[in-house]
Amino acid sequence: MIDDVNGVAFGIFIFLFLVVTVLGFAAARWRRAKSMASLDEWGLGGRGFGTFIAWFLIGGDIYTAYTFIAVPATLYAGSAVGFFAVPYTIVVYPLIFLFLPRLWSVSHRHGYVTPADFVQGRYDSRALALVVALTGILATMPYIALQLVGMQVVLEVMGVGTDSDNWFVKDLPLFIAFVVLAAYTYSSGLRAPALIAFVKDTLIYIVILVAVFYIPGQIGGWDHIFSTVGDSFASFNSENADAIAAGEAAPKATMPPEALHWAYGSLALGSALALFMYPHSVTGVLSTRSRSVIRRNAALLPAYSFLLGLLALLGFVAIAAGVKVENPQQSVPQLFEEQFSPWFAGVAFAAIVIGALVPAAIMSIAAANLWTRNIYRAFINRNATHAQEAAQSKVASLLVKFGALIFVLALSKSFAINLQLLGGVWILQTLPAIVIGLYTRWMHRWALFAGWAVGMAWGTWLAYGVASPAQDHFGGPLVNFPGTETKVYIALVAFLANLVVAIVLTFVFRAMHLAEGVDQTRGQDYYADAGDPGVEDELEPTEAVRP
Amino acid sequence: MSDVPDGAGPSSTRRWALVYVLLTPAVVLPLWVSLYDREDPTFLGFPFYYWFQFALIVIAVSLTVPAYLLAKGADRADRQAHGLPPEPTGQQMQEGGEPR
């Protein structure tokens with residue numbers, strides 16, 4: 001089963017994986033609550049995480065293993081817009097700074113666990129809350145699947161796996177890793193990824209800092225790296241000039257040409273706006289102790305952006321170091337294997353795989369919370385107790401994870417990547433209902449619903465129509481902005497349509513005096529902080545079990 | 001109750017305006033690609049395009065810190081304007097300590 005695996009690297013890898021597994025199960029006892037049988041405890045870790053823990057947890061949530069594999073891969077492959085991940089993770093923090101404290105306050109006042117809970121409370125519309133929840137689940141599933149893709153890439157480079165043609169036997173190591181993950185998420189809830197995130201991020205920081213200071217020195221410095229990459233791309237472009245002219249291959253570049261400036265900026269902005277609509281980000285934010293934890297983290301989390309930028313450049317380092325791989329996603333793991341001594345390569349591989357476990361756990365918890373709160377409790381069992389909710393979420397988290405696993409193993413990887421692309425387009429369509437709702441209730445609930453529907457349908461249609469040299473549909477995230485030749489991110493185009501429809505229909509529905517529903521929230525709810533009346537109750541969930 | 005009332009008072013409005021002024025460059029500069037789309041001047045071997053984006057991270061952080069301090073005061077004014085005490089009164093909120 002295992003032939004060309006380096007024993008030392010593999011031994012270190014297994015050791016670190018075991019450490020994390022023990023931590024995952026032990027997490028149930030960490031910051032122990034009177035009872036884990038409520039979503040505030042299982043699904044939000046007791047809503048008591050301070051600045052320090054939140055930094056690790058949210059950092060582990062945003063900067064996933066897939067990011068760490070995929071972003072350098074785009075640079076390795078010479079994609080001119082690949083580096084947009086850096087401006088994206090700069091732009092996102094001022095946005096977080098401004099609107100998430102309001103979401104925190106209103107959610108703590110009313111015991112909201114998911115973004116769809118807020119939409120239900122604010123707009124009194126089960127239909128709108130349902131579509132927000134479904135969009136969240138739909139967008140999260142492929143994201144979990146991609147974490148598996150990231151793990152798979154590392155396992156492949158390590159040489160772990162079998163030659164069997166049977167998909168189940170072939171990916172047995174991945175399967176085992178996932179069963180372990182599922183088991184401790186089930187028992188410890190959000191505490192497990194929060195505790196594991198410490199290990200994950202410490203390892204990732206060490207590995208990346210060593211990589212960016214050590215490897216470039218070995219191969220001739222950054223000057224040399226950038227000039228080698230420039231030469232390599234220039235020779236690729238001249239060798240493939242005919243194919244590029246015919247649109248069968250994409251030219252390689254180290255920075256976006258003039259024509260792609262809007263593409264670069266719109267990808268950064270669209271992704272930043274979408275990020276905090278993802279249920280797992282909201283879960284991370286709602287698990288914090290007070291409003292100011294979020295704002296402090298908006299100033300502290302950019303440390304990860306620095307790391308991400310350095311990591312992205314490892315794609316160039318791999319080119320200069322002469323790493324040759326068919327699948328660009330293997331470039332960075334391969335670079336580690338070639339440049340590091342075996343024991344440190346083992347640490348690096350463990351860091352990436354553990355880096356996949358943390359977000360996969362948080363995402364499955366977030367998706368499970370959506371299922372429980374906005375489908376199970378809203379439509380199936382309207383009088384669910386806290387204990388019943390927690391039980392539902394635990395089972396749902398298992399189903400979500402195994403769904404993602406089957407997805408990656410039995411279906412194709414490119415299908416998961418296409419869906420992830422669509423996920424970004426879809427999740428942005430929930431922004432008007434959530435973010436605008438945090439500031440004003442002027443928007444009509446049915447107008448928001450219609451805007452969502454238009455954005456989803458048009459965004460999907462646009463993405464379907466994008467061809468690339470490799471595939472006929474879902475070939476990339478960019479389309480020409482309607483009426484122009486300028487390429488922009490699909491999600492933003494669909495979002496603008498969504499917004500226009502929502503605004504126009506709000507005027508229409510208001511003129512028709514269509515019922516608006518009753519708003520549960522009050523003005524002061526958006527400013528409440530830990531220690532205010534009503535917020536206290538949420539911090540002691542064991543006393544607030546409904547009959 | 002429908003819209004969030006806008007009676008936060010002038011001091012909070014002015015503070016929020018300053019917060020927006022501070023945070024706007026952190027959003028606009030990274031998106032303004034033609035500003036940094038060049039090779040020179042290089043720094044430690046990095047083309048301008050790359051090191052400037054790293055510098056933007058530092059710039060964004062150094063704008064967020066004063067924005068945080070301003071927002072703290074603005075929040076206090078907003079809380080009062082919405083019928084809450086300027087600081088939460090409960091026992092839970094003990095800075096730095098464990099919540100329970």
# chains A, B, ... in the order shown; residues from 1 in each chain; ligands from 1
>>> residues_around(residues="B:Trp16", least_positions_apart="4", cutoff="8 Å", atoms="only C-alpha atoms", output="number ranges by chain")
B: 12, 20, 70-71, 74
>>> write_last_selection(atoms="C-alpha atoms", output="short mmCIF file (atom, residue, chain, number, x, y, z; two decimals), in the first residue's frame")
data_model
loop_
_atom_site.label_atom_id
_atom_site.label_comp_id
_atom_site.auth_asym_id
_atom_site.auth_seq_id
_atom_site.Cartn_x
_atom_site.Cartn_y
_atom_site.Cartn_z
CA SER B 12 -21.66 60.02 17.22
CA TYR B 20 -15.50 56.08 7.36
CA LEU B 70 -13.12 56.21 17.51
CA ALA B 71 -15.82 53.58 17.07
CA ALA B 74 -19.22 56.43 18.84
#
>>> interface_residues(of="chain A", to="chain B", cutoff="7 Å", atoms="only C-alpha atoms", output="ChimeraX atom specification")
/A:48,87,90-91,94,222-223,261,265,295,299,302,306,439-442,519,522-524,527,529-532
>>> write_last_selection(atoms="N, CA and C atoms", output="PDB file, in the first residue's frame")
ATOM      1  N   GLY A  48     -18.558  32.393  24.067  1.00  0.00           N
ATOM      2  CA  GLY A  48     -17.716  33.091  25.044  1.00  0.00           C
ATOM      3  C   GLY A  48     -16.276  33.280  24.618  1.00  0.00           C
ATOM      4  N   PRO A  87      -5.562  41.493  -2.012  1.00  0.00           N
ATOM      5  CA  PRO A  87      -6.475  42.633  -1.818  1.00  0.00           C
ATOM      6  C   PRO A  87      -7.832  42.211  -1.247  1.00  0.00           C
ATOM      7  N   ILE A  90      -7.643  42.112   2.316  1.00  0.00           N
ATOM      8  CA  ILE A  90      -7.467  43.430   2.948  1.00  0.00           C
ATOM      9  C   ILE A  90      -8.827  44.118   3.038  1.00  0.00           C
ATOM     10  N   VAL A  91      -9.545  44.087   1.905  1.00  0.00           N
ATOM     11  CA  VAL A  91     -10.821  44.800   1.797  1.00  0.00           C
ATOM     12  C   VAL A  91     -11.868  44.245   2.765  1.00  0.00           C
ATOM     13  N   PRO A  94     -12.302  46.063   6.784  1.00  0.00           N
ATOM     14  CA  PRO A  94     -13.138  47.235   7.074  1.00  0.00           C
ATOM     15  C   PRO A  94     -14.634  46.906   7.016  1.00  0.00           C
ATOM     16  N   TRP A 222      15.031  36.505  -4.018  1.00  0.00           N
ATOM     17  CA  TRP A 222      13.771  36.903  -4.662  1.00  0.00           C
ATOM     18  C   TRP A 222      13.988  37.523  -6.032  1.00  0.00           C
ATOM     19  N   ASP A 223      15.073  38.320  -6.182  1.00  0.00           N
ATOM     20  CA  ASP A 223      15.423  38.872  -7.493  1.00  0.00           C
ATOM     21  C   ASP A 223      15.422  37.795  -8.559  1.00  0.00           C
ATOM     22  N   HIS A 261      -7.783  44.757 -15.040  1.00  0.00           N
ATOM     23  CA  HIS A 261      -7.791  45.502 -13.780  1.00  0.00           C
ATOM     24  C   HIS A 261      -9.132  45.419 -13.076  1.00  0.00           C
ATOM     25  N   GLY A 265      -9.940  43.774  -9.411  1.00  0.00           N
ATOM     26  CA  GLY A 265     -10.610  44.520  -8.353  1.00  0.00           C
ATOM     27  C   GLY A 265     -11.972  43.946  -8.002  1.00  0.00           C
ATOM     28  N   ARG A 295     -14.268  43.804  16.435  1.00  0.00           N
ATOM     29  CA  ARG A 295     -13.547  44.968  15.906  1.00  0.00           C
ATOM     30  C   ARG A 295     -12.055  44.828  16.132  1.00  0.00           C
ATOM     31  N   ALA A 299      -8.543  44.349  13.177  1.00  0.00           N
ATOM     32  CA  ALA A 299      -7.200  44.920  13.113  1.00  0.00           C
ATOM     33  C   ALA A 299      -6.119  43.851  13.249  1.00  0.00           C
ATOM     34  N   PRO A 302      -5.558  40.732   9.737  1.00  0.00           N
ATOM     35  CA  PRO A 302      -4.730  40.923   8.534  1.00  0.00           C
ATOM     36  C   PRO A 302      -3.345  40.288   8.624  1.00  0.00           C
ATOM     37  N   PHE A 306      -1.005  38.704   5.352  1.00  0.00           N
ATOM     38  CA  PHE A 306       0.424  38.777   5.075  1.00  0.00           C
ATOM     39  C   PHE A 306       0.964  37.378   4.779  1.00  0.00           C
ATOM     40  N   TYR A 439     -29.202  47.675   8.825  1.00  0.00           N
ATOM     41  CA  TYR A 439     -29.241  49.132   8.940  1.00  0.00           C
ATOM     42  C   TYR A 439     -30.650  49.706   8.824  1.00  0.00           C
ATOM     43  N   THR A 440     -31.446  49.107   7.943  1.00  0.00           N
ATOM     44  CA  THR A 440     -32.785  49.655   7.737  1.00  0.00           C
ATOM     45  C   THR A 440     -33.747  48.541   7.364  1.00  0.00           C
ATOM     46  N   ARG A 441     -35.024  48.773   7.684  1.00  0.00           N
ATOM     47  CA  ARG A 441     -36.017  47.799   7.261  1.00  0.00           C
ATOM     48  C   ARG A 441     -36.840  48.350   6.095  1.00  0.00           C
ATOM     49  N   TRP A 442     -36.253  49.307   5.393  1.00  0.00           N
ATOM     50  CA  TRP A 442     -36.982  49.896   4.274  1.00  0.00           C
ATOM     51  C   TRP A 442     -37.296  48.866   3.199  1.00  0.00           C
ATOM     52  N   ASP A 519     -41.565  43.271  12.663  1.00  0.00           N
ATOM     53  CA  ASP A 519     -40.144  43.242  12.994  1.00  0.00           C
ATOM     54  C   ASP A 519     -39.984  42.926  14.483  1.00  0.00           C
ATOM     55  N   ARG A 522     -35.586  45.768  17.795  1.00  0.00           N
ATOM     56  CA  ARG A 522     -35.734  47.183  18.100  1.00  0.00           C
ATOM     57  C   ARG A 522     -34.416  47.889  17.812  1.00  0.00           C
ATOM     58  N   GLY A 523     -34.477  49.209  17.691  1.00  0.00           N
ATOM     59  CA  GLY A 523     -33.270  49.973  17.380  1.00  0.00           C
ATOM     60  C   GLY A 523     -32.115  49.666  18.309  1.00  0.00           C
ATOM     61  N   GLN A 524     -32.408  49.594  19.616  1.00  0.00           N
ATOM     62  CA  GLN A 524     -31.292  49.435  20.564  1.00  0.00           C
ATOM     63  C   GLN A 524     -30.664  48.047  20.504  1.00  0.00           C
ATOM     64  N   TYR A 527     -27.142  47.716  19.179  1.00  0.00           N
ATOM     65  CA  TYR A 527     -26.019  48.287  19.931  1.00  0.00           C
ATOM     66  C   TYR A 527     -25.728  47.506  21.206  1.00  0.00           C
ATOM     67  N   ASP A 529     -24.546  44.964  24.028  1.00  0.00           N
ATOM     68  CA  ASP A 529     -23.258  44.299  24.218  1.00  0.00           C
ATOM     69  C   ASP A 529     -23.377  43.311  25.371  1.00  0.00           C
ATOM     70  N   ALA A 530     -22.359  42.473  25.520  1.00  0.00           N
ATOM     71  CA  ALA A 530     -22.367  41.525  26.622  1.00  0.00           C
ATOM     72  C   ALA A 530     -22.560  42.289  27.928  1.00  0.00           C
ATOM     73  N   GLY A 531     -23.463  41.831  28.789  1.00  0.00           N
ATOM     74  CA  GLY A 531     -23.718  42.517  30.042  1.00  0.00           C
ATOM     75  C   GLY A 531     -25.007  43.314  30.013  1.00  0.00           C
ATOM     76  N   ASP A 532     -25.549  43.560  28.808  1.00  0.00           N
ATOM     77  CA  ASP A 532     -26.851  44.236  28.747  1.00  0.00           C
ATOM     78  C   ASP A 532     -27.954  43.227  29.053  1.00  0.00           C
TER      79      ASP A 532
END
>>> residues_around(residues="A:Tyr186", least_positions_apart="3", cutoff="8 Å", atoms="only C-alpha atoms", output="MDAnalysis selection string")
chainID A and resid 182:183 189 394:395 397:398
>>> residues_around(residues="A:Tyr184", least_positions_apart="4", cutoff="9 Å", atoms="only C-alpha atoms", output="ChimeraX atom specification")
/A:21-22,24-28,179-180,188-189,192
>>> atom_distance(atom1="atom CA of A:Pro72", atom2="atom CA of A:Val493")
26.7 Å
>>> residues_around(residues="A:Arg510", least_positions_apart="3", cutoff="10 Å", atoms="only C-alpha atoms", output="ChimeraX atom specification")
/A:442-444,447,505-507,513-516
